$ cat work36.txt   # compact mmCIF, C-alpha atoms
# COMPACT_ATOMS: atom_id res chain seq x y z
CA MET B 29 6.50 -58.35 0.76
CA LYS B 30 6.39 -61.30 -1.63
CA ALA B 31 7.42 -59.03 -4.49
CA LEU B 32 10.41 -57.81 -2.48
CA PHE B 33 11.37 -61.40 -1.67
CA ARG B 34 11.23 -62.35 -5.36
CA ILE B 35 13.44 -59.36 -6.25
CA LEU B 36 16.00 -60.30 -3.60
CA LEU B 37 15.94 -63.92 -4.76
CA ALA B 38 16.45 -62.87 -8.38
CA CYS B 39 19.37 -60.61 -7.38
CA ALA B 40 20.97 -63.42 -5.39
CA THR B 41 20.61 -65.79 -8.34
CA ILE B 42 22.20 -63.28 -10.73
CA ALA B 43 25.05 -62.65 -8.27
CA PHE B 44 25.68 -66.39 -7.93
CA ILE B 45 25.72 -66.87 -11.70
CA GLY B 46 28.10 -63.94 -12.03
CA PHE B 47 30.41 -65.40 -9.41
CA ILE B 48 30.49 -68.75 -11.19
CA PHE B 49 31.03 -67.07 -14.57
CA PHE B 50 33.89 -64.82 -13.53
CA ASN B 51 35.68 -67.63 -11.71
CA THR B 52 35.43 -70.03 -14.65
CA ALA B 53 38.33 -70.26 -17.08
CA ARG B 54 37.26 -69.25 -20.56
CA GLU B 55 38.15 -71.39 -23.55
CA ASN B 56 38.37 -71.12 -27.31
CA GLU B 57 39.11 -73.58 -30.09
CA PRO B 58 42.75 -74.71 -30.47
CA LEU B 59 44.48 -73.49 -33.60
CA LYS B 60 46.10 -75.74 -36.20
CA GLY B 61 48.85 -74.10 -38.17
CA PRO B 62 49.54 -74.26 -41.91
CA ASN B 63 52.12 -77.00 -41.39
CA ALA B 64 49.29 -79.36 -40.38
CA ASN B 65 48.06 -79.68 -43.96
CA SER B 66 50.87 -78.32 -46.14
CA ASN B 67 51.87 -80.66 -48.94
CA VAL B 68 55.46 -81.34 -49.93
CA ILE B 69 55.40 -82.90 -53.40
CA PRO B 70 58.45 -84.17 -55.35
CA LYS B 71 58.57 -83.61 -59.13
CA THR B 72 60.84 -85.17 -61.72
CA GLU B 73 60.73 -82.14 -64.02
CA LEU B 74 60.10 -78.70 -62.65
CA GLU B 75 60.10 -75.29 -64.28
CA GLN B 76 60.85 -72.32 -62.08
CA PRO B 77 58.20 -69.59 -62.21
CA GLU B 78 59.17 -66.33 -63.87
CA GLU B 79 59.93 -63.77 -61.20
CA GLY B 80 60.84 -60.12 -61.29
CA ALA B 81 64.26 -59.52 -59.80
CA ILE B 82 64.31 -57.36 -56.66
CA THR B 83 67.65 -55.96 -55.61
CA ARG B 84 68.74 -57.10 -52.19
CA PRO B 85 68.53 -54.35 -49.52
CA GLN B 86 71.84 -52.56 -49.01
CA SER B 87 71.01 -51.37 -45.49
CA GLY B 88 69.17 -52.58 -42.42
CA LEU B 89 69.38 -55.77 -40.39
CA SER B 90 68.90 -58.01 -43.44
CA ILE B 91 72.48 -57.30 -44.54
CA PHE B 92 73.67 -59.59 -41.72
CA VAL B 93 72.17 -62.69 -43.40
CA GLY B 94 75.10 -64.65 -44.80
CA GLN B 95 77.67 -62.73 -42.73
CA GLY B 96 79.70 -63.85 -39.74
CA VAL B 97 78.47 -62.96 -36.26
CA GLY B 98 81.41 -60.62 -35.69
CA ALA B 99 79.64 -57.83 -37.54
CA VAL B 100 76.57 -58.25 -35.32
CA LEU B 101 78.59 -58.30 -32.11
CA GLU B 102 80.46 -55.19 -33.15
CA GLN B 103 77.25 -53.22 -33.74
CA TYR B 104 74.83 -54.68 -31.15
CA GLY B 105 76.97 -56.47 -28.58
CA GLU B 106 76.12 -59.76 -26.90
CA PRO B 107 72.51 -61.01 -27.09
CA ALA B 108 70.28 -61.31 -24.03
CA ARG B 109 69.93 -65.05 -24.69
CA ILE B 110 71.32 -67.72 -27.01
CA GLU B 111 68.91 -70.63 -27.49
CA PRO B 112 68.75 -73.77 -29.64
CA SER B 113 66.20 -74.42 -32.38
CA SER B 114 64.83 -77.55 -34.05
CA PHE B 115 66.67 -76.72 -37.27
CA GLY B 116 70.34 -76.76 -36.31
CA TYR B 117 70.82 -73.03 -35.80
CA ASP B 118 70.78 -71.09 -32.53
CA TRP B 119 68.56 -68.10 -31.86
CA TRP B 120 70.33 -64.98 -30.64
CA VAL B 121 67.68 -62.90 -28.87
CA TYR B 122 68.10 -59.13 -28.55
CA LYS B 123 65.37 -57.74 -26.30
CA SER B 124 66.38 -54.49 -24.65
CA SER B 125 62.90 -53.12 -25.49
CA ALA B 126 59.86 -53.89 -27.64
CA ALA B 127 60.91 -51.11 -30.02
CA THR B 128 64.31 -52.73 -30.65
CA PHE B 129 63.45 -56.44 -30.43
CA PHE B 130 65.05 -58.75 -32.97
CA MET B 131 66.31 -62.33 -33.21
CA LEU B 132 69.11 -63.83 -35.29
CA GLY B 133 69.43 -67.41 -36.47
CA VAL B 134 73.11 -68.37 -36.25
CA GLN B 135 74.69 -71.59 -37.49
CA GLU B 136 78.44 -72.20 -37.38
CA ASP B 137 78.96 -68.48 -36.66
CA ILE B 138 77.06 -67.46 -39.81
CA VAL B 139 73.75 -65.56 -39.68
CA THR B 140 71.11 -67.58 -41.55
CA GLN B 141 68.08 -65.39 -40.75
CA VAL B 142 66.93 -62.34 -38.84
CA TYR B 143 63.46 -61.72 -37.39
CA ILE B 144 62.60 -58.07 -36.75
CA ALA B 145 59.68 -56.95 -34.58
CA GLY B 146 60.91 -53.63 -33.16
CA ASP B 147 59.48 -50.59 -34.92
CA GLU B 148 62.63 -48.52 -34.29
CA LEU B 149 64.83 -50.98 -36.20
CA ASP B 150 65.80 -50.77 -39.86
CA ALA B 151 63.88 -53.51 -41.70
CA SER B 152 64.62 -52.04 -45.16
CA PRO B 153 62.98 -52.02 -47.60
CA PHE B 154 60.05 -52.51 -45.19
CA LYS B 155 59.03 -50.78 -41.99
CA ILE B 156 57.33 -52.33 -38.96
CA GLY B 157 53.86 -50.80 -38.83
CA GLN B 158 53.79 -50.31 -42.60
CA LYS B 159 50.39 -50.87 -44.26
CA ARG B 160 49.83 -53.93 -46.45
CA ASP B 161 48.57 -51.79 -49.36
CA ASP B 162 51.82 -49.84 -49.28
CA ILE B 163 53.82 -53.09 -49.36
CA TYR B 164 51.89 -54.26 -52.41
CA ARG B 165 52.55 -50.95 -54.19
CA MET B 166 56.31 -51.06 -53.61
CA THR B 167 57.01 -54.80 -53.88
CA ILE B 168 56.74 -57.50 -56.54
CA ILE B 169 54.38 -60.12 -55.06
CA ASP B 170 53.86 -63.53 -56.71
CA TYR B 171 51.74 -66.48 -55.65
CA GLU B 172 54.69 -68.77 -56.36
CA VAL B 173 58.26 -68.18 -55.20
CA ALA B 174 61.23 -70.37 -56.16
CA ALA B 175 64.29 -71.14 -54.05
CA ASN B 176 67.46 -73.00 -55.00
CA VAL B 177 69.70 -75.02 -52.71
CA ASP B 178 72.65 -76.29 -54.72
CA ASP B 179 71.09 -78.00 -57.78
CA ASN B 180 67.74 -78.59 -56.07
CA ILE B 181 64.69 -76.49 -56.94
CA PHE B 182 61.92 -75.66 -54.45
CA ILE B 183 58.74 -73.76 -55.33
CA PHE B 184 56.51 -72.37 -52.58
CA SER B 185 52.85 -71.54 -53.23
CA MET B 186 50.89 -69.04 -51.16
CA ASN B 187 47.14 -69.33 -50.63
CA GLU B 188 44.71 -66.41 -50.33
CA GLU B 189 45.22 -66.09 -46.57
CA ASP B 190 49.01 -66.08 -47.01
CA MET B 191 48.66 -63.27 -49.55
CA GLN B 192 46.93 -61.17 -46.92
CA THR B 193 48.85 -62.02 -43.75
CA ARG B 194 52.02 -64.00 -44.51
CA LEU B 195 53.71 -62.83 -47.69
CA LEU B 196 56.88 -64.34 -49.12
CA VAL B 197 59.10 -62.01 -51.16
CA LYS B 198 62.23 -62.99 -53.05
CA PHE B 199 65.28 -60.73 -53.29
CA ASP B 200 68.67 -61.37 -54.85
CA GLY B 201 70.14 -63.95 -52.47
CA ILE B 202 67.61 -63.76 -49.60
CA PHE B 203 63.90 -64.06 -48.89
CA ALA B 204 61.55 -62.04 -46.68
CA GLN B 205 58.53 -63.42 -44.86
CA LEU B 206 56.19 -60.56 -43.98
CA TYR B 207 53.92 -61.12 -40.97
CA ILE B 208 50.89 -58.84 -41.34
CA ASP B 209 48.12 -58.17 -38.82
CA GLY B 210 45.00 -59.17 -40.74
CA GLU B 211 42.75 -56.81 -38.77
CA THR B 212 44.84 -53.63 -38.98
CA GLY B 213 46.69 -54.46 -42.21
CA GLU B 214 49.97 -53.46 -40.57
CA LEU B 215 53.31 -55.24 -40.75
CA GLN B 216 53.98 -56.82 -37.34
CA GLY B 217 57.27 -58.52 -38.11
CA VAL B 218 59.58 -59.53 -40.94
CA ARG B 219 61.88 -62.52 -41.24
CA PHE B 220 64.80 -62.31 -43.69
CA THR B 221 66.26 -65.74 -44.42
CA ASP B 222 68.61 -67.58 -46.73
CA SER B 223 67.24 -70.20 -49.11
CA GLU B 224 68.35 -73.29 -47.17
CA THR B 225 66.71 -72.10 -43.94
CA LEU B 226 63.50 -71.28 -45.82
CA VAL B 227 63.42 -74.81 -47.24
CA LEU B 228 64.12 -76.34 -43.82
CA HIS B 229 61.10 -74.48 -42.40
CA GLN B 230 58.75 -75.45 -45.27
CA PRO B 231 56.35 -72.64 -44.30
CA TYR B 232 54.07 -72.97 -47.37
CA GLU B 233 52.85 -75.56 -49.85
CA MET B 234 55.96 -76.79 -51.63
CA ILE B 235 56.91 -78.80 -54.69
CA TYR B 236 60.54 -79.63 -55.41
CA GLN B 237 62.93 -81.29 -57.80
CA GLY B 238 66.06 -82.98 -56.50
CA GLU B 239 66.98 -83.79 -52.93
CA LEU B 240 64.78 -82.59 -50.08
CA VAL B 241 66.61 -80.56 -47.43
CA THR B 242 65.59 -81.71 -43.93
CA PRO B 243 66.83 -80.89 -40.41
CA THR B 244 68.65 -83.43 -38.25
CA PRO B 245 66.33 -84.49 -35.39
CA PRO B 246 67.65 -83.18 -32.05
CA SER B 247 68.45 -85.48 -29.13
CA SER B 248 65.87 -85.80 -26.36
CA PHE B 249 68.04 -83.67 -24.06
CA LEU B 250 68.44 -80.93 -26.66
CA GLN B 251 64.71 -81.05 -27.40
CA GLN B 252 63.98 -80.11 -23.78
CA ASP B 253 66.13 -77.00 -24.20
CA ILE B 254 64.37 -76.23 -27.50
CA ASN B 255 60.98 -76.50 -25.81
CA THR B 256 62.11 -74.08 -23.10
CA ALA B 257 63.49 -71.67 -25.71
CA ASN B 258 60.23 -71.64 -27.67
CA ALA B 259 58.27 -70.94 -24.49
CA LYS B 260 60.53 -67.98 -23.61
CA GLN B 261 60.13 -66.62 -27.12
CA LEU B 262 56.33 -66.88 -26.84
CA ASN B 263 56.54 -64.82 -23.65
CA ASP B 264 58.68 -62.23 -25.44
CA LEU B 265 56.40 -62.10 -28.46
CA ILE B 266 53.14 -61.75 -26.52
CA ASN B 267 54.43 -58.62 -24.81
CA ILE B 268 55.82 -57.17 -28.03
CA THR B 269 52.42 -57.75 -29.63
CA ARG B 270 50.61 -56.04 -26.77
CA VAL B 271 52.99 -53.07 -26.70
CA HIS B 272 52.55 -52.64 -30.46
CA HIS B 273 48.81 -52.40 -29.83
CA GLU B 274 49.32 -49.89 -27.00
CA LEU B 275 48.41 -52.36 -24.26
CA PRO B 276 50.31 -52.97 -21.01
CA SER B 277 52.87 -55.76 -21.08
CA LEU B 278 52.20 -58.84 -18.97
CA GLU B 279 54.03 -60.26 -15.98
CA ILE B 280 55.70 -63.58 -16.81
CA ASP B 281 54.88 -66.16 -14.13
CA LYS B 282 56.95 -69.32 -13.64
CA ALA B 283 54.05 -71.29 -12.17
CA LEU B 284 51.95 -70.48 -15.25
CA ASP B 285 54.90 -71.43 -17.49
CA GLU B 286 54.97 -74.83 -15.79
CA ALA B 287 51.20 -75.31 -16.07
CA ALA B 288 51.34 -74.43 -19.77
CA LYS B 289 54.30 -76.74 -20.36
CA MET B 290 52.50 -79.64 -18.65
CA HIS B 291 49.44 -79.18 -20.86
CA SER B 292 51.48 -79.04 -24.08
CA GLU B 293 53.26 -82.24 -23.10
CA ASP B 294 49.96 -83.84 -22.07
CA MET B 295 48.41 -83.05 -25.47
CA LYS B 296 51.32 -84.59 -27.36
CA ILE B 297 51.65 -87.72 -25.23
CA GLN B 298 47.92 -88.42 -25.06
CA ASN B 299 47.34 -87.35 -28.68
CA PHE B 300 44.62 -84.74 -28.21
CA LEU B 301 44.24 -81.05 -28.97
CA ALA B 302 41.82 -79.47 -26.50
CA HIS B 303 41.58 -77.35 -23.38
CA GLU B 304 40.27 -80.29 -21.36
CA SER B 305 42.73 -83.06 -20.59
CA PRO B 306 41.43 -86.63 -20.24
CA THR B 307 43.44 -86.95 -17.02
CA ASN B 308 44.00 -83.41 -15.70
CA GLY B 309 40.68 -81.75 -16.48
CA ASP B 310 39.87 -78.32 -17.90
CA LEU B 311 41.87 -75.12 -17.47
CA LYS B 312 40.17 -74.16 -14.19
CA LYS B 313 40.94 -77.53 -12.63
CA ARG B 314 44.51 -77.57 -13.93
CA LEU B 315 45.23 -74.14 -12.48
CA GLU B 316 43.65 -75.06 -9.14
CA ASN B 317 45.73 -78.26 -9.01
CA GLN B 318 48.84 -76.11 -9.46
CA GLY B 319 47.74 -73.81 -6.65
CA ILE B 320 47.34 -70.83 -8.99
CA ALA B 321 44.71 -68.34 -7.79
CA PHE B 322 42.79 -66.29 -10.35
CA ASN B 323 39.63 -64.30 -10.92
CA ASP B 324 39.52 -65.12 -14.62
CA ALA B 325 41.68 -67.11 -17.01
CA SER B 326 41.98 -68.06 -20.67
CA GLU B 327 44.44 -70.01 -22.73
CA ASN B 328 45.46 -70.14 -26.38
CA LEU B 329 46.46 -73.48 -27.86
CA ALA B 330 48.12 -74.29 -31.17
CA THR B 331 49.94 -77.03 -33.02
CA ALA B 332 51.66 -77.59 -36.38
CA TYR B 333 53.64 -74.33 -36.36
CA PHE B 334 57.36 -74.69 -36.95
CA ASP B 335 58.35 -72.09 -34.34
CA ALA B 336 57.09 -69.57 -31.79
CA ILE B 337 57.06 -66.69 -34.29
CA GLU B 338 54.63 -68.53 -36.54
CA ALA B 339 52.44 -69.65 -33.62
CA MET B 340 52.09 -66.12 -32.23
CA HIS B 341 51.27 -64.74 -35.66
CA GLY B 342 48.64 -67.45 -36.11
CA TRP B 343 46.97 -66.56 -32.80
CA LEU B 344 47.00 -62.85 -33.64
CA ASN B 345 45.13 -63.50 -36.90
CA SER B 346 42.50 -65.77 -35.32
CA ALA B 347 39.57 -63.71 -34.00
CA GLU B 348 38.94 -65.72 -30.81
CA HIS B 349 42.61 -66.02 -29.90
CA ARG B 350 43.18 -62.35 -30.67
CA LYS B 351 40.49 -61.40 -28.13
CA VAL B 352 42.46 -63.18 -25.43
CA ILE B 353 45.74 -61.54 -26.47
CA MET B 354 44.17 -58.07 -26.41
CA ASP B 355 42.14 -58.47 -23.23
CA GLU B 356 43.25 -55.77 -20.79
CA LYS B 357 41.98 -57.55 -17.69
CA TYR B 358 44.75 -60.14 -17.98
CA THR B 359 47.98 -59.04 -16.32
CA VAL B 360 49.91 -62.31 -15.98
CA VAL B 361 50.91 -64.86 -18.61
CA GLY B 362 52.81 -68.13 -18.88
CA SER B 363 53.85 -70.18 -21.92
CA GLY B 364 54.76 -73.81 -22.44
CA VAL B 365 55.88 -75.74 -25.51
CA TYR B 366 56.38 -79.44 -26.14
CA LEU B 367 57.62 -80.26 -29.65
CA ASN B 368 55.08 -78.43 -31.84
CA TYR B 369 52.33 -78.09 -29.23
CA TYR B 370 51.98 -74.55 -27.90
CA THR B 371 50.09 -73.38 -24.80
CA GLN B 372 49.80 -69.83 -23.48
CA ILE B 373 47.79 -69.15 -20.30
CA PHE B 374 46.51 -65.70 -19.30
CA ILE B 375 45.11 -64.87 -15.88
CA GLU B 376 43.59 -62.03 -13.96
CA PRO B 377 45.02 -62.71 -10.49
CA SER B 378 42.65 -63.06 -7.56
CA GLU B 379 42.36 -60.21 -5.05
CA ASP B 380 44.07 -62.37 -2.43
CA LYS B 381 47.17 -62.69 -4.59
CA GLU B 382 47.15 -58.98 -5.46
CA SER B 383 46.94 -58.04 -1.78
CA SER B 384 49.86 -60.32 -0.98
CA GLU B 385 51.92 -58.80 -3.80
CA GLU B 386 51.19 -55.27 -2.59
CA GLN B 387 52.62 -56.16 0.82
CA ASP B 388 55.81 -57.40 -0.83
CA ASN B 389 56.06 -54.71 -3.49
CA GLU B 390 59.54 -53.69 -2.42
CA LEU B 391 60.88 -57.08 -3.49
CA PRO B 392 61.58 -58.04 -7.13
CA VAL B 393 58.96 -60.30 -8.76
CA GLU B 394 60.48 -63.71 -9.41
CA GLY B 395 60.03 -64.80 -13.00
CA SER B 396 59.11 -61.32 -14.24
CA GLU B 397 60.50 -60.55 -17.69
CA ASN B 398 58.34 -57.76 -19.08
CA ILE B 399 59.11 -55.86 -22.25
CA THR B 400 58.41 -52.13 -22.33
CA ARG B 401 59.17 -49.25 -24.61
$ encode --input "work36.txt" --output "structure tokens"
Amino acid sequence: MKALFRILLACATIAFIGFIFFNTARENEPLKGPNANSNVIPKTELEQPEEGAITRPQSGLSIFVGQGVGAVLEQYGEPARIEPSSFGYDWWVYKSSAATFFMLGVQEDIVTQVYIAGDELDASPFKIGQKRDDIYRMTIIDYEVAANVDDNIFIFSMNEEDMQTRLLVKFDGIFAQLYIDGETGELQGVRFTDSETLVLHQPYEMIYQGELVTPTPPSSFLQQDINTANAKQLNDLINITRVHHELPSLEIDKALDEAAKMHSEDMKIQNFLAHESPTNGDLKKRLENQGIAFNDASENLATAYFDAIEAMHGWLNSAEHRKVIMDEKYTVVGSGVYLNYYTQIFIEPSEDKESSEEQDNELPVEGSENITR
């Protein structure tokens, strides 16, 4: 009898621990991007590195860089969204499906860059899903890449990690940033850009001779719109990433967006980078305070990335953050950005919420913006 009692007591203890564990929000270390420590060093005399000339692609989306938007509108029509950036250009977002997702940077009706993530799009001379080894065989890759803006010279230096996951390739008149999945070695996205936009972003270590090109700081009102735009792009990019890895896309939840936005703002204002806020508590407490029910939850945090594309790529190539992105138990996500602080919250909804949603399944889900093939 005593043995049976001990067994029942042990089972009850294990069940209690399991209940606590599965209802506790999981956390990982926040991620600091390359812009946190990148040096920008002026030089009085600077020699450009010798580079092999690569002919600019004659086909694909990269041909739009430097052209007017009329050519884009004629071929692809109006974008799903037009959103401001921190660098003076607007993002035109085309998101009919994950397979055809791309974004254009447009300034004064001229395309300054194009980011391609859809594997059915022409990213010549590259292909989304292409292996890194294949890229190295077909492309001239240098540790140092030079860019010119008027009479000013800028030289970018890639470190070992960049050479594996974030390559910079120079063509005649444009540059390509190649975003590679470090685990699979596959190309996840490519950004074609003109030289001035590349210098504005300062994505790598940089030395320069002449006058530094810098963006005009946005007004406080415009910055709010930029924050919202970056959050929407994070929501787009998380689902594209999951679809590329043959995982279900996530439901976008407005309440989670707001909770994520509040934490990003909290981190900036109170000058901390952590899952636990000095005033609002840890993730579990923050979600409960917002009235968000969940069985399990995690969040990814980042700072010092110049835009949402870079932040998502950073998370994907960080083992702990990648686990959250790829976790199939999460079905709902929300993103929030404040300046260069990024928060993305994932939840497995509680059974109570799921039951309520099943009763209302004939109604559209407010805030849902999933991306599917």
$ atom_distance --input "work36.txt" --atom1 "atom CA of Ser248 of chain B" --atom2 "atom CA of Leu367 of chain B"
10.5 Å
$ atom_distance --input "work36.txt" --atom1 "atom CA of Val173 of chain B" --atom2 "atom CA of Gln158 of chain B"
22.3 Å
$ residues_around --input "work36.txt" --residues "Tyr104 of chain B" --least-positions-apart "4" --cutoff "9 Å" --atoms "all atoms listed in the file" --output "count of residues only"
3
$ closest_residue --input "work36.txt" --among "B:Lys159, B:Arg270, B:Arg314, B:Arg219" --to "Lys198 of chain B" --atoms "all atoms listed in the file"
B:Arg219
$ residues_near_point --input "work36.txt" --point "(43.4, -57.6, -38.0)" --cutoff "9 Å" --atoms "only C-alpha atoms" --output "PyMOL selection string"
chain B and resi 208-214+344-347+350
$ write_last_selection --input "work36.txt" --atoms "C-alpha atoms" --output "JSON list (two decimals), in the frame of the given file"
[["chain", "number", "residue", "atom", "x", "y", "z"],
["B", 208, "ILE", "CA", 50.89, -58.84, -41.34],
["B", 209, "ASP", "CA", 48.12, -58.17, -38.82],
["B", 210, "GLY", "CA", 45.00, -59.17, -40.74],
["B", 211, "GLU", "CA", 42.75, -56.81, -38.77],
["B", 212, "THR", "CA", 44.84, -53.63, -38.98],
["B", 213, "GLY", "CA", 46.69, -54.46, -42.21],
["B", 214, "GLU", "CA", 49.97, -53.46, -40.57],
["B", 344, "LEU", "CA", 47.00, -62.85, -33.64],
["B", 345, "ASN", "CA", 45.13, -63.50, -36.90],
["B", 346, "SER", "CA", 42.50, -65.77, -35.32],
["B", 347, "ALA", "CA", 39.57, -63.71, -34.00],
["B", 350, "ARG", "CA", 43.18, -62.35, -30.67]]
$ closest_residue --input "work36.txt" --among "B:Asp161, B:Glu233, B:Glu327, B:Asp137" --to "Val68 of chain B" --atoms "only C-alpha atoms"
B:Glu233
$ closest_residue --input "work36.txt" --among "B:Pro153, B:Gly201, B:Gly98, B:Pro246" --to "Ala174 of chain B" --atoms "only C-alpha atoms"
B:Gly201
$ closest_residue --input "work36.txt" --among "B:Val361, B:Met354, B:Ile297, B:Ile144" --to "Leu275 of chain B" --atoms "only C-alpha atoms"
B:Met354
$ closest_residue --input "work36.txt" --among "B:Tyr117, B:Phe300, B:Phe92, B:Tyr358" --to "Leu278 of chain B" --atoms "all atoms listed in the file"
B:Tyr358
$ residues_around --input "work36.txt" --residues "segment 178-183 of chain B" --least-positions-apart "5" --cutoff "9 Å" --atoms "only C-alpha atoms" --output "MDAnalysis selection string"
chainID B and resid 74:77 172:173 227 233:241
$ residues_around --input "work36.txt" --residues "Leu311 of chain B" --least-positions-apart "4" --cutoff "12 Å" --atoms "only C-alpha atoms" --output "tab-separated table (two decimals) with C-alpha atoms, in the frame of the given file"
chain	number	residue	atom	x	y	z
B	51	ASN	CA	35.68	-67.63	-11.71
B	52	THR	CA	35.43	-70.03	-14.65
B	53	ALA	CA	38.33	-70.26	-17.08
B	54	ARG	CA	37.26	-69.25	-20.56
B	55	GLU	CA	38.15	-71.39	-23.55
B	56	ASN	CA	38.37	-71.12	-27.31
B	284	LEU	CA	51.95	-70.48	-15.25
B	287	ALA	CA	51.20	-75.31	-16.07
B	288	ALA	CA	51.34	-74.43	-19.77
B	290	MET	CA	52.50	-79.64	-18.65
B	291	HIS	CA	49.44	-79.18	-20.86
B	302	ALA	CA	41.82	-79.47	-26.50
B	303	HIS	CA	41.58	-77.35	-23.38
B	304	GLU	CA	40.27	-80.29	-21.36
B	305	SER	CA	42.73	-83.06	-20.59
B	306	PRO	CA	41.43	-86.63	-20.24
B	307	THR	CA	43.44	-86.95	-17.02
B	315	LEU	CA	45.23	-74.14	-12.48
B	316	GLU	CA	43.65	-75.06	-9.14
B	317	ASN	CA	45.73	-78.26	-9.01
B	318	GLN	CA	48.84	-76.11	-9.46
B	320	ILE	CA	47.34	-70.83	-8.99
B	322	PHE	CA	42.79	-66.29	-10.35
B	324	ASP	CA	39.52	-65.12	-14.62
B	325	ALA	CA	41.68	-67.11	-17.01
B	326	SER	CA	41.98	-68.06	-20.67
B	327	GLU	CA	44.44	-70.01	-22.73
B	328	ASN	CA	45.46	-70.14	-26.38
B	329	LEU	CA	46.46	-73.48	-27.86
B	371	THR	CA	50.09	-73.38	-24.80
B	372	GLN	CA	49.80	-69.83	-23.48
B	373	ILE	CA	47.79	-69.15	-20.30
B	374	PHE	CA	46.51	-65.70	-19.30
B	375	ILE	CA	45.11	-64.87	-15.88
$ closest_residue --input "work36.txt" --among "B:Leu196, B:Ser185, B:Ser152, B:Gly146" --to "Tyr164 of chain B" --atoms "all atoms listed in the file"
B:Leu196
$ atom_distance --input "work36.txt" --atom1 "atom CA of Pro243 of chain B" --atom2 "atom CA of Thr225 of chain B"
9.5 Å
$ residues_around --input "work36.txt" --residues "Ile110 of chain B" --least-positions-apart "4" --cutoff "9 Å" --atoms "only C-alpha atoms" --output "ChimeraX atom specification"
/B:118-121,257
$ build_atoms --input "work36.txt" --residues "segment 107-111 of chain B" --atoms "all heavy atoms" --output "compact mmCIF listing (two decimals), in the coordinates of the input"
# COMPACT_ATOMS: atom_id res chain seq x y z
N PRO B 107 73.97 -60.90 -27.21
CA PRO B 107 72.51 -61.01 -27.09
C PRO B 107 72.09 -61.26 -25.65
O PRO B 107 72.91 -61.67 -24.81
CB PRO B 107 72.19 -62.22 -27.97
CG PRO B 107 73.43 -63.06 -27.93
CD PRO B 107 74.57 -62.09 -27.86
N ALA B 108 70.82 -61.03 -25.36
CA ALA B 108 70.28 -61.31 -24.03
C ALA B 108 70.26 -62.81 -23.77
O ALA B 108 70.48 -63.26 -22.64
CB ALA B 108 68.88 -60.72 -23.89
N ARG B 109 69.97 -63.59 -24.82
CA ARG B 109 69.93 -65.05 -24.69
C ARG B 109 70.44 -65.68 -25.98
O ARG B 109 70.29 -65.11 -27.06
CB ARG B 109 68.50 -65.57 -24.44
CG ARG B 109 67.81 -65.02 -23.22
CD ARG B 109 66.55 -65.85 -22.89
NE ARG B 109 65.64 -66.04 -24.00
CZ ARG B 109 64.58 -65.27 -24.25
NH1 ARG B 109 64.32 -64.23 -23.49
NH2 ARG B 109 63.79 -65.53 -25.28
N ILE B 110 71.01 -66.87 -25.85
CA ILE B 110 71.32 -67.72 -27.01
C ILE B 110 70.62 -69.05 -26.76
O ILE B 110 70.85 -69.70 -25.73
CB ILE B 110 72.83 -67.92 -27.20
CG1 ILE B 110 73.50 -66.59 -27.53
CG2 ILE B 110 73.09 -68.92 -28.33
CD1 ILE B 110 75.00 -66.68 -27.71
N GLU B 111 69.77 -69.47 -27.71
CA GLU B 111 68.91 -70.63 -27.49
C GLU B 111 68.90 -71.54 -28.71
O GLU B 111 69.00 -71.05 -29.85
CB GLU B 111 67.47 -70.17 -27.20
CG GLU B 111 67.36 -69.25 -26.00
CD GLU B 111 66.01 -68.57 -25.89
OE1 GLU B 111 65.35 -68.35 -26.93
OE2 GLU B 111 65.62 -68.24 -24.74
